[in-house]
>>> print(open('upload-v5.txt').read())   # compact mmCIF, C-alpha atoms
# COMPACT_ATOMS: atom_id res chain seq x y z
CA MET A 1171 -18.49 -10.58 -18.15
CA LYS A 1172 -16.88 -7.32 -16.94
CA ALA A 1173 -15.40 -6.87 -13.49
CA GLN A 1174 -17.45 -4.79 -11.06
CA ILE A 1175 -14.63 -3.04 -9.24
CA ARG A 1176 -15.27 -1.52 -5.81
CA LYS A 1177 -11.74 -0.31 -5.19
CA ILE A 1178 -8.19 -0.53 -6.46
CA VAL A 1179 -5.23 -0.33 -4.09
CA THR A 1180 -1.60 0.08 -5.08
CA VAL A 1181 1.32 -0.44 -2.71
CA VAL A 1182 4.96 0.41 -3.33
CA GLU A 1183 7.58 -0.90 -0.95
CA GLU A 1184 11.16 0.33 -1.06
CA THR A 1185 13.92 -1.20 1.05
CA ASP A 1186 16.87 1.12 1.67
CA ARG A 1187 18.66 -0.78 4.41
CA GLU A 1188 18.82 -4.34 5.66
CA MET A 1189 20.87 -5.51 8.66
CA ASP A 1190 22.45 -2.06 8.82
CA ARG A 1191 23.73 -2.24 5.26
CA GLN A 1192 22.75 0.32 2.71
CA ILE A 1193 20.93 -1.19 -0.28
CA ASP A 1194 22.05 0.87 -3.25
CA PRO A 1195 20.02 1.18 -5.34
CA PRO A 1196 17.12 0.34 -3.04
CA VAL A 1197 15.07 -2.73 -3.95
CA ARG A 1198 11.53 -1.83 -4.91
CA ARG A 1199 8.33 -3.73 -5.52
CA ALA A 1200 4.74 -2.83 -6.17
CA ALA A 1201 1.39 -4.54 -5.98
CA ALA A 1202 -1.94 -3.55 -7.49
CA ILE A 1203 -5.06 -5.09 -6.00
CA ALA A 1204 -8.63 -4.91 -7.27
CA VAL A 1205 -11.61 -5.66 -5.06
CA ILE A 1206 -14.40 -6.96 -7.27
CA ALA A 1207 -17.87 -8.41 -6.88
CA ASN A 1208 -17.96 -12.21 -7.04
CA PRO A 1209 -20.78 -12.93 -9.49
CA HIS A 1210 -20.97 -16.54 -8.29
CA ALA A 1211 -20.95 -15.97 -4.52
CA GLY A 1212 -23.30 -18.21 -2.57
CA LYS A 1213 -24.06 -20.74 -5.29
CA TYR A 1214 -22.36 -23.49 -7.25
CA VAL A 1215 -21.92 -22.53 -10.89
CA GLU A 1216 -20.41 -25.04 -13.27
CA ASP A 1217 -19.29 -22.67 -16.03
CA LEU A 1218 -16.70 -20.15 -14.84
CA THR A 1219 -16.14 -18.46 -18.22
CA GLY A 1220 -17.26 -15.10 -16.83
CA LEU A 1221 -14.56 -15.12 -14.18
CA ILE A 1222 -11.99 -16.26 -16.72
CA ASP A 1223 -12.81 -13.18 -18.81
CA ILE A 1224 -12.54 -10.99 -15.71
CA GLY A 1225 -9.07 -12.44 -15.19
CA GLU A 1226 -8.09 -11.29 -18.65
CA GLU A 1227 -9.45 -7.78 -18.01
CA LEU A 1228 -7.68 -7.47 -14.65
CA GLY A 1229 -4.39 -8.90 -15.91
CA GLY A 1230 -3.82 -5.86 -18.10
CA LEU A 1231 -5.38 -3.28 -15.79
CA LEU A 1232 -3.54 -4.35 -12.64
CA ALA A 1233 -0.22 -4.84 -14.43
CA GLU A 1234 -0.42 -1.29 -15.77
CA ARG A 1235 -1.26 0.08 -12.33
CA ALA A 1236 1.54 -1.81 -10.61
CA VAL A 1237 4.17 -0.85 -13.19
CA ALA A 1238 3.02 2.79 -13.07
CA ALA A 1239 3.24 2.76 -9.27
CA LEU A 1240 6.81 1.52 -9.55
CA GLY A 1241 7.50 4.30 -12.03
CA ILE A 1242 9.54 2.23 -14.47
CA ALA A 1243 9.05 0.99 -18.02
CA GLY A 1244 7.36 -2.41 -18.27
CA ASP A 1245 10.45 -4.06 -19.70
CA ARG A 1246 12.48 -3.07 -16.61
CA VAL A 1247 10.38 -5.32 -14.40
CA GLU A 1248 12.47 -8.19 -13.07
CA SER A 1249 10.06 -10.41 -11.19
CA TYR A 1250 6.34 -10.91 -10.89
CA GLY A 1251 3.56 -12.78 -9.18
CA LYS A 1252 -0.20 -12.95 -8.77
CA ALA A 1253 -2.69 -13.97 -6.09
CA ALA A 1254 -6.35 -13.86 -5.18
CA ALA A 1255 -8.40 -14.04 -1.99
CA VAL A 1256 -12.01 -15.15 -2.27
CA GLY A 1257 -14.56 -13.91 0.25
CA GLU A 1258 -16.30 -16.44 2.47
CA ASN A 1259 -19.30 -17.03 0.18
CA GLY A 1260 -17.08 -17.91 -2.77
CA GLU A 1261 -15.13 -20.92 -3.83
CA LEU A 1262 -11.38 -21.39 -4.24
CA GLU A 1263 -12.09 -22.37 -7.83
CA HIS A 1264 -13.30 -18.81 -8.47
CA ALA A 1265 -9.80 -17.57 -7.70
CA ALA A 1266 -8.38 -20.21 -10.00
CA ALA A 1267 -10.68 -19.09 -12.84
CA ILE A 1268 -9.46 -15.52 -12.54
CA LEU A 1269 -5.78 -16.29 -12.08
CA HIS A 1270 -4.90 -19.18 -14.34
CA PRO A 1271 -6.52 -19.34 -17.77
CA LYS A 1272 -6.23 -15.78 -19.13
CA LEU A 1273 -4.69 -13.30 -16.67
CA GLY A 1274 -1.10 -13.97 -17.75
CA ALA A 1275 -1.16 -12.89 -21.40
CA PRO A 1276 -2.20 -9.25 -20.87
CA PHE A 1277 0.08 -9.08 -17.80
CA ARG A 1278 3.03 -10.15 -19.97
CA ARG A 1279 2.06 -7.72 -22.73
CA VAL A 1280 2.53 -4.84 -20.28
CA LEU A 1281 6.03 -6.14 -19.51
CA GLY A 1282 7.00 -6.84 -23.11
CA LYS A 1283 8.11 -10.32 -22.17
CA GLY A 1284 7.75 -12.88 -19.41
CA ALA A 1285 8.91 -16.34 -20.37
CA ALA A 1286 8.54 -17.77 -16.87
CA LEU A 1287 5.45 -19.13 -15.17
CA ILE A 1288 3.83 -16.41 -13.06
CA PRO A 1289 3.98 -17.77 -9.50
CA SER A 1290 0.62 -17.63 -7.76
CA SER A 1291 -1.23 -18.23 -4.53
CA LYS A 1292 -4.84 -18.23 -3.52
CA LYS A 1293 -6.94 -18.53 -0.40
CA ARG A 1294 -10.37 -17.91 1.04
CA GLY A 1295 -10.74 -15.43 3.84
CA GLY A 1296 -12.51 -12.51 5.41
CA PRO A 1297 -11.85 -8.77 5.31
CA GLY A 1298 -8.26 -7.91 6.20
CA VAL A 1299 -6.92 -11.34 5.32
CA ALA A 1300 -3.19 -11.26 4.51
CA LEU A 1301 -2.44 -12.32 0.96
CA ASP A 1302 1.12 -13.42 0.26
CA ILE A 1303 1.89 -12.88 -3.42
CA PRO A 1304 4.77 -15.13 -4.47
CA LEU A 1305 7.45 -13.56 -6.65
CA GLY A 1306 9.76 -15.10 -9.22
CA HIS A 1307 11.95 -13.80 -12.03
CA LYS A 1308 9.83 -13.09 -15.09
CA ASP A 1309 12.11 -14.71 -17.64
CA ALA A 1310 13.74 -17.55 -15.73
CA ALA A 1311 11.97 -19.20 -12.82
CA PHE A 1312 15.22 -20.60 -11.39
CA VAL A 1313 16.83 -17.23 -10.62
CA ARG A 1314 17.30 -17.75 -6.90
CA SER A 1315 17.91 -14.11 -5.94
CA HIS A 1316 14.37 -13.26 -7.05
CA PHE A 1317 12.42 -15.91 -5.12
CA ASP A 1318 10.41 -13.71 -2.80
CA GLY A 1319 6.94 -12.77 -1.64
CA MET A 1320 4.98 -9.63 -0.90
CA GLU A 1321 2.27 -9.46 1.72
CA VAL A 1322 -0.73 -7.28 0.97
CA ARG A 1323 -3.96 -6.74 2.84
CA ILE A 1324 -6.95 -4.43 2.74
CA ASN A 1325 -8.85 -4.06 5.98
CA ASP A 1326 -12.33 -4.04 4.38
CA ALA A 1327 -11.85 -6.73 1.73
CA PRO A 1328 -12.76 -9.26 0.63
CA ARG A 1329 -16.33 -9.03 1.86
CA ALA A 1330 -18.27 -12.30 1.73
CA ASP A 1331 -19.33 -11.84 -1.89
CA GLU A 1332 -16.14 -10.27 -3.19
CA ILE A 1333 -12.79 -11.36 -4.60
CA MET A 1334 -9.48 -9.58 -4.08
CA VAL A 1335 -7.20 -9.96 -7.10
CA ALA A 1336 -3.55 -8.91 -6.89
CA VAL A 1337 -0.50 -8.72 -9.10
CA ALA A 1338 2.99 -7.74 -7.98
CA VAL A 1339 6.07 -6.59 -9.89
CA THR A 1340 9.60 -5.65 -8.84
CA ASP A 1341 12.66 -3.91 -10.21
CA SER A 1342 14.99 -6.18 -8.23
CA GLY A 1343 15.35 -9.30 -6.12
CA ARG A 1344 15.81 -9.68 -2.37
CA PRO A 1345 17.86 -6.94 -0.66
CA LEU A 1346 20.99 -9.00 0.12
CA PRO A 1347 20.83 -12.20 -1.96
CA ARG A 1348 23.66 -14.62 -1.18
CA VAL A 1349 22.39 -18.17 -1.34
CA GLY A 1350 23.79 -18.90 -4.78
CA GLY A 1351 21.89 -20.56 -7.61
CA LEU A 1352 21.24 -19.15 -11.06
CA SER A 1353 21.92 -15.41 -11.17
CA LYS A 1354 20.04 -12.97 -13.37
CA ASN A 1355 23.03 -12.30 -15.64
CA GLU A 1356 23.19 -16.00 -16.51
CA ILE A 1357 19.63 -16.17 -17.85
CA LYS A 1358 19.13 -17.67 -21.28
CA GLY A 1359 15.43 -16.73 -21.16
CA GLU A 1360 14.25 -19.30 -23.66
CA ASP A 1361 12.35 -21.93 -21.70
CA GLY A 1362 11.19 -19.73 -18.85
CA LEU A 1363 13.21 -21.77 -16.38
CA ARG A 1364 16.89 -20.80 -16.82
CA MET B 809 21.50 15.60 16.49
CA ALA B 810 20.56 12.01 15.81
CA ASP B 811 20.75 10.59 12.31
CA VAL B 812 17.50 9.65 10.63
CA THR B 813 18.22 6.20 9.22
CA VAL B 814 15.47 4.94 6.93
CA ARG B 815 15.22 1.18 6.36
CA LYS B 816 12.21 1.19 4.10
CA ARG B 817 9.40 3.26 2.69
CA ILE B 818 5.90 2.13 1.77
CA LEU B 819 3.39 4.07 -0.28
CA THR B 820 -0.21 2.86 -0.55
CA VAL B 821 -2.88 4.44 -2.72
CA GLU B 822 -6.49 3.37 -2.53
CA GLU B 823 -8.99 4.41 -5.21
CA ILE B 824 -12.55 3.82 -4.03
CA PHE B 825 -15.20 3.68 -6.74
CA HIS B 826 -18.13 2.84 -4.47
CA GLU B 827 -19.09 0.92 -1.36
CA ARG B 828 -22.23 -0.64 -2.84
CA GLY B 829 -23.99 2.70 -3.12
CA PRO B 830 -24.23 5.12 -6.04
CA ALA B 831 -20.72 5.63 -7.46
CA PRO B 832 -19.64 9.29 -7.25
CA ALA B 833 -18.48 11.00 -10.46
CA ARG B 834 -15.00 11.26 -9.00
CA PRO B 835 -13.66 8.24 -7.11
CA GLN B 836 -12.31 8.97 -3.64
CA LYS B 837 -8.57 8.50 -3.28
CA ARG B 838 -6.75 7.84 -0.05
CA ALA B 839 -3.04 7.36 0.42
CA SER B 840 -0.61 6.58 3.18
CA ALA B 841 3.16 6.93 3.29
CA LEU B 842 5.17 4.96 5.82
CA ALA B 843 8.82 5.29 6.74
CA ILE B 844 10.58 2.72 8.88
CA VAL B 845 13.37 4.48 10.75
CA ARG B 846 15.85 3.49 13.42
CA ASN B 847 14.77 4.59 16.89
CA PRO B 848 17.88 6.34 18.29
CA PHE B 849 16.50 6.02 21.83
CA ALA B 850 15.60 2.32 21.82
CA GLY B 851 16.60 0.18 24.78
CA ARG B 852 17.19 2.87 27.40
CA TYR B 853 15.60 5.90 28.98
CA VAL B 854 16.76 9.14 27.39
CA GLU B 855 15.55 12.39 28.90
CA GLU B 856 16.41 14.74 26.05
CA ILE B 857 14.58 13.42 23.02
CA ALA B 858 12.91 16.56 21.68
CA PRO B 859 15.70 17.63 19.27
CA PHE B 860 14.91 14.54 17.16
CA MET B 861 11.71 16.32 16.06
CA ASP B 862 13.74 18.74 14.00
CA ASP B 863 15.81 15.91 12.57
CA LEU B 864 12.62 14.28 11.31
CA LYS B 865 11.31 17.34 9.47
CA PRO B 866 12.99 16.68 6.09
CA LEU B 867 11.69 13.10 6.08
CA GLY B 868 8.19 14.35 6.92
CA LEU B 869 8.29 16.82 4.08
CA GLU B 870 9.47 14.16 1.65
CA MET B 871 6.59 11.89 2.73
CA ALA B 872 4.01 14.67 2.43
CA LYS B 873 5.20 15.51 -1.08
CA THR B 874 5.15 11.84 -2.02
CA LEU B 875 1.53 11.63 -0.89
CA ILE B 876 0.46 14.67 -2.87
CA ALA B 877 2.20 13.31 -5.98
CA ALA B 878 0.53 9.93 -5.51
CA LEU B 879 -2.87 11.61 -5.28
CA GLY B 880 -2.47 13.46 -8.55
CA GLY B 881 0.09 16.17 -7.83
CA ASP B 882 -2.22 19.07 -6.95
CA PRO B 883 -2.07 20.11 -3.27
CA ARG B 884 -5.50 21.74 -3.66
CA ALA B 885 -7.03 18.31 -4.27
CA ILE B 886 -6.17 17.18 -0.75
CA GLU B 887 -9.12 17.45 1.65
CA GLY B 888 -8.28 15.18 4.58
CA TYR B 889 -5.18 14.25 6.54
CA GLY B 890 -3.88 12.31 9.51
CA LYS B 891 -0.74 10.90 11.05
CA GLY B 892 0.43 8.13 13.32
CA ALA B 893 3.35 6.15 14.65
CA ILE B 894 4.11 2.66 15.85
CA VAL B 895 7.04 2.33 18.24
CA GLY B 896 8.97 -0.94 18.21
CA GLU B 897 9.05 -2.85 21.49
CA ALA B 898 12.43 -1.55 22.67
CA GLY B 899 11.07 1.97 22.53
CA GLU B 900 8.65 4.02 24.54
CA LEU B 901 5.27 5.53 23.61
CA GLU B 902 6.83 8.96 24.09
CA HIS B 903 9.11 8.29 21.13
CA GLY B 904 6.01 8.05 18.95
CA ALA B 905 5.02 11.51 20.16
CA LEU B 906 8.14 12.85 18.45
CA TRP B 907 6.23 12.56 15.18
CA HIS B 908 3.54 15.13 16.09
CA VAL B 909 5.51 18.24 15.24
CA PRO B 910 7.44 17.13 12.11
CA GLY B 911 4.50 15.17 10.68
CA GLY B 912 2.07 18.03 11.12
CA TYR B 913 4.56 20.67 10.00
CA ALA B 914 5.37 18.68 6.87
CA MET B 915 1.80 18.31 5.70
CA ARG B 916 0.92 21.94 6.38
CA GLU B 917 4.06 23.05 4.56
CA ALA B 918 3.41 20.82 1.54
CA LEU B 919 -0.27 21.76 1.37
CA GLY B 920 0.44 25.46 1.56
CA GLY B 921 -1.21 25.98 4.92
CA ALA B 922 -3.96 23.89 6.44
CA LYS B 923 -5.81 25.10 9.48
CA ALA B 924 -7.08 22.05 11.32
CA ILE B 925 -5.13 20.06 13.86
CA VAL B 926 -3.78 16.87 12.29
CA ALA B 927 -5.60 13.93 13.85
CA SER B 928 -3.19 11.32 15.16
CA THR B 929 -2.73 8.06 16.97
CA LYS B 930 0.19 6.02 18.20
CA LYS B 931 1.08 2.78 19.93
CA VAL B 932 3.87 0.41 20.81
CA GLY B 933 3.85 -2.84 18.85
CA GLY B 934 5.77 -5.54 17.08
CA PRO B 935 6.31 -6.27 13.37
CA GLY B 936 3.03 -6.47 11.48
CA THR B 937 1.12 -4.32 14.00
CA ARG B 938 -1.71 -2.49 12.28
CA LEU B 939 -2.50 1.14 13.07
CA ASP B 940 -5.74 2.94 12.26
CA VAL B 941 -4.62 6.42 11.30
CA PRO B 942 -7.48 8.87 11.93
CA VAL B 943 -8.30 11.32 9.14
CA THR B 944 -10.12 14.65 9.37
CA HIS B 945 -10.69 17.66 7.11
CA ILE B 946 -7.56 19.77 6.61
CA ASP B 947 -9.23 23.12 7.37
CA ALA B 948 -12.06 22.34 9.78
CA SER B 949 -11.96 19.44 12.20
CA TYR B 950 -15.74 19.29 12.57
CA VAL B 951 -16.51 18.44 8.94
CA ARG B 952 -18.39 15.21 9.50
CA SER B 953 -18.15 13.83 5.96
CA HIS B 954 -14.35 13.72 6.22
CA PHE B 955 -14.03 11.79 9.49
CA ASP B 956 -12.28 8.68 8.29
CA ALA B 957 -9.39 6.37 9.10
CA ILE B 958 -6.81 4.49 7.09
CA GLU B 959 -5.35 1.24 8.34
CA VAL B 960 -1.61 0.94 7.82
CA GLY B 961 1.05 -1.61 8.66
CA ILE B 962 3.76 -3.76 7.14
CA ALA B 963 4.67 -7.35 7.90
CA ASP B 964 8.31 -6.79 8.92
CA ALA B 965 8.12 -3.55 10.88
CA PRO B 966 8.58 -2.02 13.31
CA ARG B 967 11.40 -4.15 14.60
CA ALA B 968 12.22 -3.65 18.28
CA ASP B 969 14.57 -0.74 17.66
CA GLU B 970 12.52 0.98 14.96
CA LEU B 971 9.77 3.55 14.56
CA LEU B 972 7.09 3.24 11.92
CA LEU B 973 6.07 6.77 10.97
CA ALA B 974 2.87 7.33 8.98
CA LEU B 975 1.24 10.20 7.13
CA ALA B 976 -2.12 9.93 5.37
CA MET B 977 -4.10 12.11 2.97
CA THR B 978 -7.44 11.83 1.18
CA THR B 979 -9.05 13.63 -1.74
CA GLY B 980 -12.57 13.77 -0.41
CA PRO B 981 -15.28 12.63 1.98
CA ARG B 982 -16.24 9.04 2.77
CA VAL B 983 -17.51 7.62 -0.47
CA HIS B 984 -21.19 7.61 0.52
CA ALA B 985 -21.09 10.24 3.31
CA ARG B 986 -24.65 10.99 4.45
CA VAL B 987 -24.84 11.47 8.21
CA GLY B 988 -25.18 15.25 8.24
CA GLY B 989 -23.14 17.63 10.41
CA LEU B 990 -20.92 20.44 9.20
CA ALA B 991 -20.44 20.16 5.43
CA ALA B 992 -17.21 20.99 3.64
CA ASN B 993 -18.86 23.87 1.77
CA GLU B 994 -19.97 25.48 5.05
CA ILE B 995 -16.45 25.88 6.46
CA LYS B 996 -15.50 29.30 7.76
CA GLY B 997 -11.88 28.19 7.97
CA GLU B 998 -10.78 30.59 10.67
CA ASP B 999 -10.23 28.55 13.80
CA GLY B 1000 -9.42 25.16 12.25
CA LEU B 1001 -12.56 23.73 13.79
CA ARG B 1002 -15.54 24.96 11.71
>>> encode(input="upload-v5.txt", output="structure tokens")
Amino acid sequence: MKAQIRKIVTVVEETDREMDRQIDPPVRRAAAIAVIANPHAGKYVEDLTGLIDIGEELGGLLAERAVAALGIAGDRVESYGKAAAVGENGELEHAAAILHPKLGAPFRRVLGKGAALIPSSKKRGGPGVALDIPLGHKDAAFVRSHFDGMEVRINDAPRADEIMVAVAVTDSGRPLPRVGGLSKNEIKGEDGLR
Amino acid sequence: MADVTVRKRILTVEEIFHERGPAPARPQKRASALAIVRNPFAGRYVEEIAPFMDDLKPLGLEMAKTLIAALGGDPRAIEGYGKGAIVGEAGELEHGALWHVPGGYAMREALGGAKAIVASTKKVGGPGTRLDVPVTHIDASYVRSHFDAIEVGIADAPRADELLLALAMTTGPRVHARVGGLAANEIKGEDGLR
């Protein structure tokens, strides 16, 4: 099954200052969001293979869009995340089918690597619902400076029979990280955790 | 002269393939650029605020150029525009009005001359406030197909002592425009209205 895409939105957020301190270089993150038709809206369908395939299609497409919006090479991405919001006539499991089985592999191919689990969130909601995409370091989930989140929303989506699918990438962690933990220059990058 | 201190910048690009009607050959693109800047007049009444308009001009121009680049790089592809501001709670609505001149100047400058008044809106609000930035045709305000609006906002701005400044541009009419009125190909382009 192919995704029927109504719109694609990209957002780039750059933070130059925080608490009156200059952030140099600025921290930057980008999200790419597709609004697609939910083929299973309004009815219970046991087999979600079609949505799983759509997840694979969108994983590559949205990763490319987000990385392009950030204007860096894929291998310069430091952290990532994914999320989906299902319109009111859909089921949370529809978001799970898109996000979990197959979206990750093509997403990671765009980045060259990505040993860590891609943090995710999902919800059901109406148009304009705020979707908080969790962020974590792409090669080591325990890098504390990169635990973050990016809020995205689109005023006219998801409609009742739509799904909003989002991925986010960054070139950095939080603006002023100082709560310790594993730092990015200590990453081994073998098990995806440390 | 007051310094223009930018805390963050947000660029959003929306590519609209259809809205459940026949998909146009060329998707409509809409983009908004936001800058979160310190409000130099927050917390007190200042009579002389007008010089800040000149201070904001370089930022406006940067944002206008960013928008054109995000929409493909060709100024001639831009057909609609708008602007807006959200004033953080320690500021005054009048501070939002400071954006009229630099915002409008910047887009006209970057587009190589545009005749129509730049539609605008403003309000006072807290972090996460959403603003519907009105959009109209760049050369003739009465072109009905190009009446549009783009919702903007960001979770953590404006803080009390900040201004959220917005510019918006589009590459075409509403995706399924069909309510008549003055059409873009009927523009005389003399008075900015028709």
>>> interface_residues(input="upload-v5.txt", of="chain B", to="chain A", cutoff="7 Å", atoms="all atoms listed in the file", output="list in words")
Val814, Arg815, Lys816, Arg817, Ile818, Leu819, Thr820, Val821, Glu822, Glu823, Ile824, Phe825, His826, Glu827, Glu959 and Ala963 of chain B
>>> write_last_selection(input="upload-v5.txt", atoms="C-alpha atoms", output="mmCIF file, in the coordinates of the input")
data_model
loop_
_atom_site.group_PDB
_atom_site.id
_atom_site.type_symbol
_atom_site.label_atom_id
_atom_site.label_comp_id
_atom_site.auth_asym_id
_atom_site.auth_seq_id
_atom_site.Cartn_x
_atom_site.Cartn_y
_atom_site.Cartn_z
ATOM 1 C CA VAL B 814 15.470 4.940 6.930
ATOM 2 C CA ARG B 815 15.220 1.180 6.360
ATOM 3 C CA LYS B 816 12.210 1.190 4.100
ATOM 4 C CA ARG B 817 9.400 3.260 2.690
ATOM 5 C CA ILE B 818 5.900 2.130 1.770
ATOM 6 C CA LEU B 819 3.390 4.070 -0.280
ATOM 7 C CA THR B 820 -0.210 2.860 -0.550
ATOM 8 C CA VAL B 821 -2.880 4.440 -2.720
ATOM 9 C CA GLU B 822 -6.490 3.370 -2.530
ATOM 10 C CA GLU B 823 -8.990 4.410 -5.210
ATOM 11 C CA ILE B 824 -12.550 3.820 -4.030
ATOM 12 C CA PHE B 825 -15.200 3.680 -6.740
ATOM 13 C CA HIS B 826 -18.130 2.840 -4.470
ATOM 14 C CA GLU B 827 -19.090 0.920 -1.360
ATOM 15 C CA GLU B 959 -5.350 1.240 8.340
ATOM 16 C CA ALA B 963 4.670 -7.350 7.900
#
>>> atom_distance(input="upload-v5.txt", atom1="CA of Ile925 (chain B)", atom2="CA of Ala905 (chain B)")
14.7 Å
>>> residues_around(input="upload-v5.txt", residues="region 1214-1217 of chain A", least_positions_apart="6", cutoff="10 Å", atoms="all atoms listed in the file", output="short mmCIF file (atom, residue, chain, number, x, y, z; two decimals) with C-alpha atoms, in the coordinates of the input")
data_model
loop_
_atom_site.label_atom_id
_atom_site.label_comp_id
_atom_site.auth_asym_id
_atom_site.auth_seq_id
_atom_site.Cartn_x
_atom_site.Cartn_y
_atom_site.Cartn_z
CA GLY A 1260 -17.08 -17.91 -2.77
CA GLU A 1261 -15.13 -20.92 -3.83
CA HIS A 1264 -13.30 -18.81 -8.47
CA ALA A 1267 -10.68 -19.09 -12.84
#
>>> closest_residue(input="upload-v5.txt", among="A:Ile1288, A:Leu1218, A:Val1313, A:Leu1228", to="Gly1350 (chain A)", atoms="only C-alpha atoms")
A:Val1313
>>> residues_around(input="upload-v5.txt", residues="Ala1254 (chain A)", least_positions_apart="2", cutoff="8 Å", atoms="all atoms listed in the file", output="PyMOL selection string")
chain A and resi 1252+1256+1265+1269+1291-1293+1301+1333-1336
>>> atom_distance(input="upload-v5.txt", atom1="CA of Gly904 (chain B)", atom2="CA of Thr979 (chain B)")
26.2 Å
